[in-house]
$ cat input-v4.txt   # compact mmCIF, C-alpha atoms and all ligand atoms
# COMPACT_ATOMS: atom_id res chain seq x y z
CA MET A 26 92.31 -24.80 8.05
CA ALA A 27 94.51 -26.55 10.57
CA GLY A 28 94.65 -30.31 10.68
CA LEU A 29 93.70 -30.81 7.07
CA THR A 30 96.05 -32.59 4.70
CA ARG A 31 96.63 -30.62 1.53
CA ILE A 32 96.13 -32.66 -1.61
CA ALA A 33 96.64 -32.00 -5.30
CA VAL A 34 94.29 -33.65 -7.79
CA LEU A 35 95.55 -34.37 -11.31
CA LEU A 36 92.97 -34.96 -14.03
CA SER A 37 92.57 -34.96 -17.79
CA GLY A 38 88.81 -34.99 -18.33
CA ARG A 39 85.35 -34.90 -16.80
CA GLY A 40 86.27 -34.62 -13.14
CA SER A 41 83.51 -36.65 -11.48
CA ASN A 42 86.01 -38.26 -9.11
CA LEU A 43 87.35 -34.81 -8.25
CA VAL A 44 83.79 -33.79 -7.34
CA ALA A 45 83.36 -36.91 -5.20
CA LEU A 46 86.59 -36.15 -3.35
CA ALA A 47 85.77 -32.46 -2.94
CA GLU A 48 82.31 -33.25 -1.56
CA ALA A 49 83.68 -35.83 0.86
CA CYS A 50 86.21 -33.24 2.08
CA ALA A 51 83.47 -30.62 2.42
CA ARG A 52 81.33 -33.05 4.46
CA GLY A 53 84.31 -33.68 6.74
CA GLU A 54 84.51 -37.36 5.78
CA VAL A 55 88.05 -36.95 4.47
CA PRO A 56 90.29 -34.71 6.60
CA ALA A 57 91.82 -32.99 3.61
CA GLU A 58 91.50 -29.91 1.50
CA ILE A 59 92.10 -29.86 -2.22
CA ALA A 60 94.85 -27.28 -2.54
CA LEU A 61 95.16 -27.45 -6.32
CA VAL A 62 93.72 -29.20 -9.36
CA ILE A 63 96.13 -29.66 -12.24
CA SER A 64 95.24 -30.76 -15.75
CA ASN A 65 97.40 -31.56 -18.72
CA ARG A 66 94.48 -30.36 -20.85
CA ALA A 67 93.43 -26.72 -20.61
CA ASP A 68 89.91 -27.63 -21.84
CA ALA A 69 89.30 -30.41 -19.31
CA PRO A 70 85.75 -30.03 -17.89
CA GLY A 71 87.21 -31.12 -14.54
CA LEU A 72 88.94 -27.73 -14.28
CA ASP A 73 85.51 -26.05 -14.42
CA ARG A 74 84.23 -28.38 -11.69
CA ALA A 75 87.16 -27.18 -9.55
CA ARG A 76 86.65 -23.49 -10.37
CA GLU A 77 82.94 -23.77 -9.46
CA ARG A 78 84.06 -24.89 -6.01
CA GLY A 79 86.67 -22.19 -5.60
CA ILE A 80 89.55 -24.65 -5.84
CA PRO A 81 92.73 -23.22 -7.41
CA VAL A 82 93.50 -24.73 -10.81
CA ALA A 83 96.52 -24.96 -13.07
CA ALA A 84 96.47 -26.05 -16.69
CA ILE A 85 99.87 -27.41 -17.62
CA PRO A 86 99.52 -28.62 -21.22
CA GLY A 87 101.46 -31.75 -22.01
CA LYS A 88 101.33 -31.55 -25.79
CA GLY A 89 104.60 -30.65 -27.46
CA VAL A 90 106.49 -30.58 -24.15
CA ALA A 91 109.10 -33.18 -23.24
CA ARG A 92 107.80 -35.50 -20.53
CA GLU A 93 110.62 -34.60 -18.11
CA GLU A 94 109.92 -30.90 -18.48
CA HIS A 95 106.15 -31.36 -18.15
CA GLU A 96 106.53 -33.45 -15.02
CA ARG A 97 108.93 -30.94 -13.52
CA LEU A 98 106.34 -28.17 -13.98
CA VAL A 99 103.61 -30.36 -12.47
CA ALA A 100 105.76 -31.38 -9.49
CA ASP A 101 106.82 -27.79 -8.89
CA ALA A 102 103.17 -26.65 -8.89
CA ILE A 103 102.29 -29.39 -6.40
CA GLU A 104 105.11 -28.36 -4.09
CA GLU A 105 104.31 -24.67 -4.46
CA ALA A 106 100.74 -25.46 -3.36
CA ARG A 107 102.25 -27.30 -0.36
CA ALA A 108 100.28 -30.41 -1.22
CA GLN A 109 101.45 -33.49 0.65
CA TRP A 110 99.40 -36.03 -1.31
CA VAL A 111 98.66 -36.38 -5.02
CA CYS A 112 95.39 -37.94 -6.19
CA LEU A 113 95.15 -39.01 -9.82
CA ALA A 114 91.55 -38.77 -10.98
CA GLY A 115 91.36 -39.71 -14.63
CA TYR A 116 94.87 -38.42 -15.31
CA MET A 117 95.70 -39.98 -18.63
CA ARG A 118 99.48 -39.79 -18.50
CA LEU A 119 101.94 -42.32 -17.20
CA LEU A 120 104.19 -40.90 -14.50
CA SER A 121 107.94 -41.43 -14.70
CA PRO A 122 109.93 -43.14 -11.92
CA ALA A 123 111.52 -39.76 -11.15
CA PHE A 124 108.14 -38.11 -10.57
CA VAL A 125 106.89 -41.01 -8.43
CA ALA A 126 110.10 -40.85 -6.36
CA ARG A 127 109.43 -37.19 -5.57
CA PHE A 128 106.26 -38.15 -3.67
CA PRO A 129 107.05 -41.56 -2.19
CA GLN A 130 103.89 -43.47 -1.21
CA ARG A 131 101.95 -40.26 -1.47
CA ILE A 132 100.41 -40.71 -4.92
CA VAL A 133 97.04 -42.48 -5.25
CA ASN A 134 95.15 -43.50 -8.38
CA ILE A 135 91.70 -44.83 -9.19
CA HIS A 136 91.32 -47.38 -11.96
CA PRO A 137 88.00 -48.61 -13.39
CA ALA A 138 88.71 -52.35 -13.14
CA LEU A 139 89.70 -54.92 -10.55
CA LEU A 140 93.49 -54.79 -10.84
CA PRO A 141 95.66 -56.58 -11.71
CA SER A 142 93.07 -57.45 -14.39
CA PHE A 143 92.62 -54.96 -17.21
CA PRO A 144 95.24 -52.26 -16.58
CA GLY A 145 95.69 -49.46 -19.10
CA LEU A 146 93.17 -47.68 -21.27
CA GLU A 147 89.43 -48.44 -21.60
CA ALA A 148 89.50 -50.87 -18.71
CA GLN A 149 85.71 -51.13 -18.57
CA ARG A 150 85.55 -52.09 -22.25
CA GLN A 151 88.40 -54.58 -21.74
CA ALA A 152 86.50 -56.33 -18.91
CA TRP A 153 83.26 -56.33 -20.92
CA ALA A 154 84.92 -57.67 -24.09
CA HIS A 155 86.77 -60.34 -22.09
CA GLY A 156 83.46 -61.63 -20.76
CA ALA A 157 84.23 -60.99 -17.10
CA LYS A 158 81.20 -61.63 -14.88
CA VAL A 159 82.41 -59.25 -12.17
CA SER A 160 84.30 -56.00 -12.49
CA GLY A 161 84.74 -52.90 -10.38
CA CYS A 162 87.29 -50.34 -9.41
CA THR A 163 90.62 -50.20 -7.61
CA VAL A 164 92.23 -47.42 -5.60
CA HIS A 165 95.96 -48.03 -5.38
CA LEU A 166 99.21 -46.37 -4.45
CA VAL A 167 101.14 -45.39 -7.53
CA ASP A 168 104.48 -46.93 -8.34
CA ALA A 169 106.57 -46.55 -11.48
CA GLY A 170 104.52 -49.14 -13.42
CA CYS A 171 101.20 -48.82 -15.23
CA ASP A 172 98.31 -49.36 -12.77
CA SER A 173 100.60 -51.68 -10.81
CA GLY A 174 100.96 -50.23 -7.30
CA PRO A 175 99.75 -51.64 -3.96
CA ILE A 176 95.95 -51.92 -3.66
CA VAL A 177 94.16 -49.87 -0.99
CA VAL A 178 90.44 -50.41 -1.74
CA GLN A 179 88.44 -52.34 -4.33
CA ARG A 180 84.70 -52.36 -4.96
CA THR A 181 82.94 -54.81 -7.24
CA VAL A 182 79.97 -54.67 -9.59
CA PRO A 183 78.30 -57.45 -11.62
CA VAL A 184 78.69 -57.46 -15.39
CA LEU A 185 75.22 -58.09 -16.81
CA ASP A 186 74.42 -59.93 -20.03
CA ASP A 187 72.77 -56.88 -21.54
CA ASP A 188 75.54 -54.47 -20.53
CA THR A 189 77.33 -52.33 -23.04
CA PRO A 190 80.77 -50.90 -22.20
CA GLU A 191 78.95 -47.67 -21.39
CA THR A 192 76.37 -49.14 -18.97
CA LEU A 193 79.13 -51.11 -17.25
CA ALA A 194 81.31 -47.99 -16.99
CA ALA A 195 78.41 -46.07 -15.41
CA ARG A 196 77.86 -48.82 -12.81
CA ILE A 197 81.59 -48.86 -12.00
CA LEU A 198 81.73 -45.05 -11.76
CA GLU A 199 79.12 -45.05 -8.98
CA GLN A 200 81.44 -47.30 -7.00
CA GLU A 201 84.48 -45.18 -7.83
CA HIS A 202 82.80 -42.23 -6.15
CA ILE A 203 82.48 -44.28 -2.95
CA ALA A 204 85.83 -46.05 -3.15
CA TYR A 205 88.09 -43.04 -3.71
CA PRO A 206 87.00 -40.97 -0.70
CA ALA A 207 86.92 -44.12 1.45
CA ALA A 208 90.48 -45.05 0.49
CA LEU A 209 91.79 -41.54 1.06
CA ARG A 210 90.08 -41.38 4.41
CA MET A 211 91.71 -44.68 5.43
CA LEU A 212 95.16 -43.58 4.29
CA LEU A 213 94.93 -40.24 6.09
CA THR A 214 93.30 -41.33 9.33
CA ARG A 215 94.66 -44.81 10.06
CA ALA A 216 98.12 -46.20 10.67
CA TRP A 217 99.19 -48.34 7.75
CA ARG A 218 102.27 -50.01 6.36
CA LEU A 219 103.37 -51.96 3.33
CA GLU A 220 104.19 -55.66 3.68
CA GLY A 221 105.53 -56.51 0.28
CA ARG A 222 102.76 -55.29 -2.00
CA ARG A 223 100.11 -55.56 0.70
CA VAL A 224 98.73 -52.40 2.30
CA ILE A 225 98.09 -53.35 5.94
CA PHE A 226 95.92 -51.13 8.16
CA ASP A 227 96.40 -51.45 11.92
C1 LIG A 301 87.37 -42.78 -14.24
O1 LIG A 301 86.56 -43.86 -14.65
C2 LIG A 301 88.73 -43.28 -13.78
O2 LIG A 301 88.66 -44.51 -13.09
C3 LIG A 301 89.43 -43.46 -15.09
O3 LIG A 301 89.07 -42.32 -15.83
C4 LIG A 301 87.76 -41.92 -15.43
C5 LIG A 301 87.81 -40.46 -15.08
O4 LIG A 301 86.51 -39.99 -14.84
N1 LIG A 301 90.84 -43.54 -14.94
C6 LIG A 301 91.62 -44.31 -15.70
O5 LIG A 301 91.19 -45.00 -16.60
C7 LIG A 301 93.08 -44.24 -15.36
N2 LIG A 301 93.77 -45.36 -15.95
P1 LIG A 301 86.28 -38.62 -14.10
O6 LIG A 301 87.12 -37.58 -14.86
O7 LIG A 301 84.82 -38.37 -14.22
O8 LIG A 301 86.75 -38.76 -12.68
$ encode --input "input-v4.txt" --output "structure tokens"
Amino acid sequence: MAGLTRIAVLLSGRGSNLVALAEACARGEVPAEIALVISNRADAPGLDRARERGIPVAAIPGKGVAREEHERLVADAIEEARAQWVCLAGYMRLLSPAFVARFPQRIVNIHPALLPSFPGLEAQRQAWAHGAKVSGCTVHLVDAGCDSGPIVVQRTVPVLDDDTPETLAARILEQEHIAYPAALRMLLTRAWRLEGRRVIFD
């Protein structure tokens, strides 16, 4: 379809954020089409979510492959699919500076905490164990660091006294499914620029 930005989604697991993005695209809320879903795990349930929707998928296993070689295969698949943007949706691998440089300011990630607090793995559990009273999610542009790029959208949730890491994660996930399509829509439909680390929308 003309006028739609082609995006590649990279995931490692369940794929609920992929579904949220795909549904927002289908409703016309995000002027994009998901050209390809790539997983580093051939058994990722997210690949099935993509197949169910008729979205092309590629499993590019990361195990036993040098990072450089794996990233080259992933980047080549993205370019072959003519995807202009890359959305990380539960992609549990750190991207090298070389990969990030291949898609400058065109890689987006969602993280289940209010960055810069609690980067890295099990962010919901980190926030819960720290005793944070508020947590949430962050959609950010990806740079060469770990969960460190410029912030596009954040949404907050309360952390309740009787929360477990799992109940908190579920409350955050609901907000992820709103935040990710909203951020992508903003990036694709509005003029924006970086001022230092700040993403400024006109
Ligand atoms: C989401 O909570 C996402 O924020 C998180 O993985 C989950 C994937 O769920 N990502 C990270 O922790 C990245 N550091 P999903 O597969 O259902 O979208």
$ closest_residue --input "input-v4.txt" --among "A:Leu61, A:Leu120, A:Ala154, A:Leu213" --to "ligand LIG 301 (chain A)" --atoms "all atoms listed in the file"
A:Leu120
$ residues_near_ligand --input "input-v4.txt" --ligand "ligand LIG 301 (chain A)" --cutoff "10 Å" --atoms "all atoms listed in the file" --output "number ranges by chain"
A: 35-46, 69-71, 113-119, 134-138, 143-149, 161-164, 171-172, 194-195, 197-202, 205
$ closest_residue --input "input-v4.txt" --among "A:Leu193, A:Ala204, A:Ile176, A:Val184" --to "Arg218 of chain A" --atoms "only C-alpha atoms"
A:Ile176
$ residues_around --input "input-v4.txt" --residues "Cys50 of chain A" --least-positions-apart "5" --cutoff "10 Å" --atoms "only C-alpha atoms" --output "PyMOL selection string"
chain A and resi 29+44-45+55-59+206+210
$ residues_near_point --input "input-v4.txt" --point "(84.9, -52.1, -0.5)" --cutoff "9 Å" --atoms "only C-alpha atoms" --output "PyMOL selection string"
chain A and resi 178-181+200+203-204+207
$ atom_distance --input "input-v4.txt" --atom1 "atom CA of Cys112 of chain A" --atom2 "atom CA of Ala216 of chain A"
19.0 Å
$ closest_residue --input "input-v4.txt" --among "A:Val159, A:Ala108, A:Ile225, A:Val62" --to "Ile132 of chain A" --atoms "all atoms listed in the file"
A:Ala108
$ atom_distance --input "input-v4.txt" --atom1 "atom CA of Trp217 of chain A" --atom2 "atom CA of Arg127 of chain A"
20.2 Å
$ atom_distance --input "input-v4.txt" --atom1 "atom CA of Gln109 of chain A" --atom2 "atom CA of Val34 of chain A"
11.1 Å
$ residues_around --input "input-v4.txt" --residues "Pro129 of chain A" --least-positions-apart "5" --cutoff "12 Å" --atoms "all atoms listed in the file" --output "PyMOL selection string"
chain A and resi 109-111+122-124+166-169+174
$ write_last_selection --input "input-v4.txt" --atoms "C-alpha atoms" --output "PDB file, in the coordinates of the input"
ATOM      1  CA  GLN A 109     101.450 -33.490   0.650  1.00  0.00           C
ATOM      2  CA  TRP A 110      99.400 -36.030  -1.310  1.00  0.00           C
ATOM      3  CA  VAL A 111      98.660 -36.380  -5.020  1.00  0.00           C
ATOM      4  CA  PRO A 122     109.930 -43.140 -11.920  1.00  0.00           C
ATOM      5  CA  ALA A 123     111.520 -39.760 -11.150  1.00  0.00           C
ATOM      6  CA  PHE A 124     108.140 -38.110 -10.570  1.00  0.00           C
ATOM      7  CA  LEU A 166      99.210 -46.370  -4.450  1.00  0.00           C
ATOM      8  CA  VAL A 167     101.140 -45.390  -7.530  1.00  0.00           C
ATOM      9  CA  ASP A 168     104.480 -46.930  -8.340  1.00  0.00           C
ATOM     10  CA  ALA A 169     106.570 -46.550 -11.480  1.00  0.00           C
ATOM     11  CA  GLY A 174     100.960 -50.230  -7.300  1.00  0.00           C
TER      12      GLY A 174
END
$ residues_around --input "input-v4.txt" --residues "Ala67 of chain A" --least-positions-apart "5" --cutoff "9 Å" --atoms "all atoms listed in the file" --output "list of chain:residue names"
A:Ser37, A:Leu72, A:Ala83, A:Ala84, A:Ile85, A:Pro86
$ decode --input "input-v4.txt" --residues "segment 115-129 of chain A" --atoms "N, CA, C and O atoms" --output "tab-separated table (two decimals), in the first residue's frame"
chain	number	residue	atom	x	y	z
A	115	GLY	N	10.49	-6.67	22.83
A	115	GLY	CA	10.91	-7.82	23.61
A	115	GLY	C	12.03	-8.57	22.92
A	115	GLY	O	12.05	-9.80	22.92
A	116	TYR	N	12.94	-7.82	22.31
A	116	TYR	CA	14.10	-8.42	21.64
A	116	TYR	C	15.23	-8.44	22.65
A	116	TYR	O	15.73	-7.40	23.05
A	117	MET	N	15.58	-9.64	23.10
A	117	MET	CA	16.46	-9.76	24.25
A	117	MET	C	17.93	-9.89	23.86
A	117	MET	O	18.65	-10.73	24.40
A	118	ARG	N	18.35	-9.07	22.92
A	118	ARG	CA	19.77	-9.01	22.57
A	118	ARG	C	20.18	-7.55	22.46
A	118	ARG	O	19.40	-6.71	21.96
A	119	LEU	N	21.37	-7.28	22.94
A	119	LEU	CA	21.92	-5.93	22.84
A	119	LEU	C	22.45	-5.74	21.43
A	119	LEU	O	23.10	-6.63	20.88
A	120	LEU	N	22.15	-4.59	20.83
A	120	LEU	CA	22.61	-4.34	19.47
A	120	LEU	C	23.96	-3.63	19.48
A	120	LEU	O	24.18	-2.73	20.30
A	121	SER	N	24.82	-3.99	18.56
A	121	SER	CA	26.16	-3.39	18.53
A	121	SER	C	26.07	-1.98	17.93
A	121	SER	O	25.13	-1.65	17.20
A	122	PRO	N	27.09	-1.15	18.20
A	122	PRO	CA	27.14	0.18	17.58
A	122	PRO	C	27.07	0.10	16.05
A	122	PRO	O	26.44	0.94	15.42
A	123	ALA	N	27.66	-0.93	15.47
A	123	ALA	CA	27.65	-1.04	14.00
A	123	ALA	C	26.23	-1.26	13.49
A	123	ALA	O	25.82	-0.67	12.48
A	124	PHE	N	25.46	-2.10	14.18
A	124	PHE	CA	24.08	-2.34	13.76
A	124	PHE	C	23.26	-1.05	13.90
A	124	PHE	O	22.52	-0.66	12.99
A	125	VAL	N	23.41	-0.40	15.05
A	125	VAL	CA	22.64	0.83	15.30
A	125	VAL	C	22.97	1.88	14.24
A	125	VAL	O	22.09	2.58	13.74
A	126	ALA	N	24.24	1.94	13.84
A	126	ALA	CA	24.67	2.94	12.85
A	126	ALA	C	24.08	2.66	11.47
A	126	ALA	O	24.00	3.55	10.63
A	127	ARG	N	23.67	1.43	11.23
A	127	ARG	CA	23.08	1.09	9.92
A	127	ARG	C	21.67	1.65	9.77
A	127	ARG	O	21.19	1.82	8.65
A	128	PHE	N	21.02	1.93	10.90
A	128	PHE	CA	19.64	2.47	10.87
A	128	PHE	C	19.57	3.69	11.80
A	128	PHE	O	18.89	3.66	12.82
A	129	PRO	N	20.25	4.77	11.43
A	129	PRO	CA	20.39	5.89	12.36
A	129	PRO	C	19.05	6.53	12.70
A	129	PRO	O	18.28	6.90	11.81
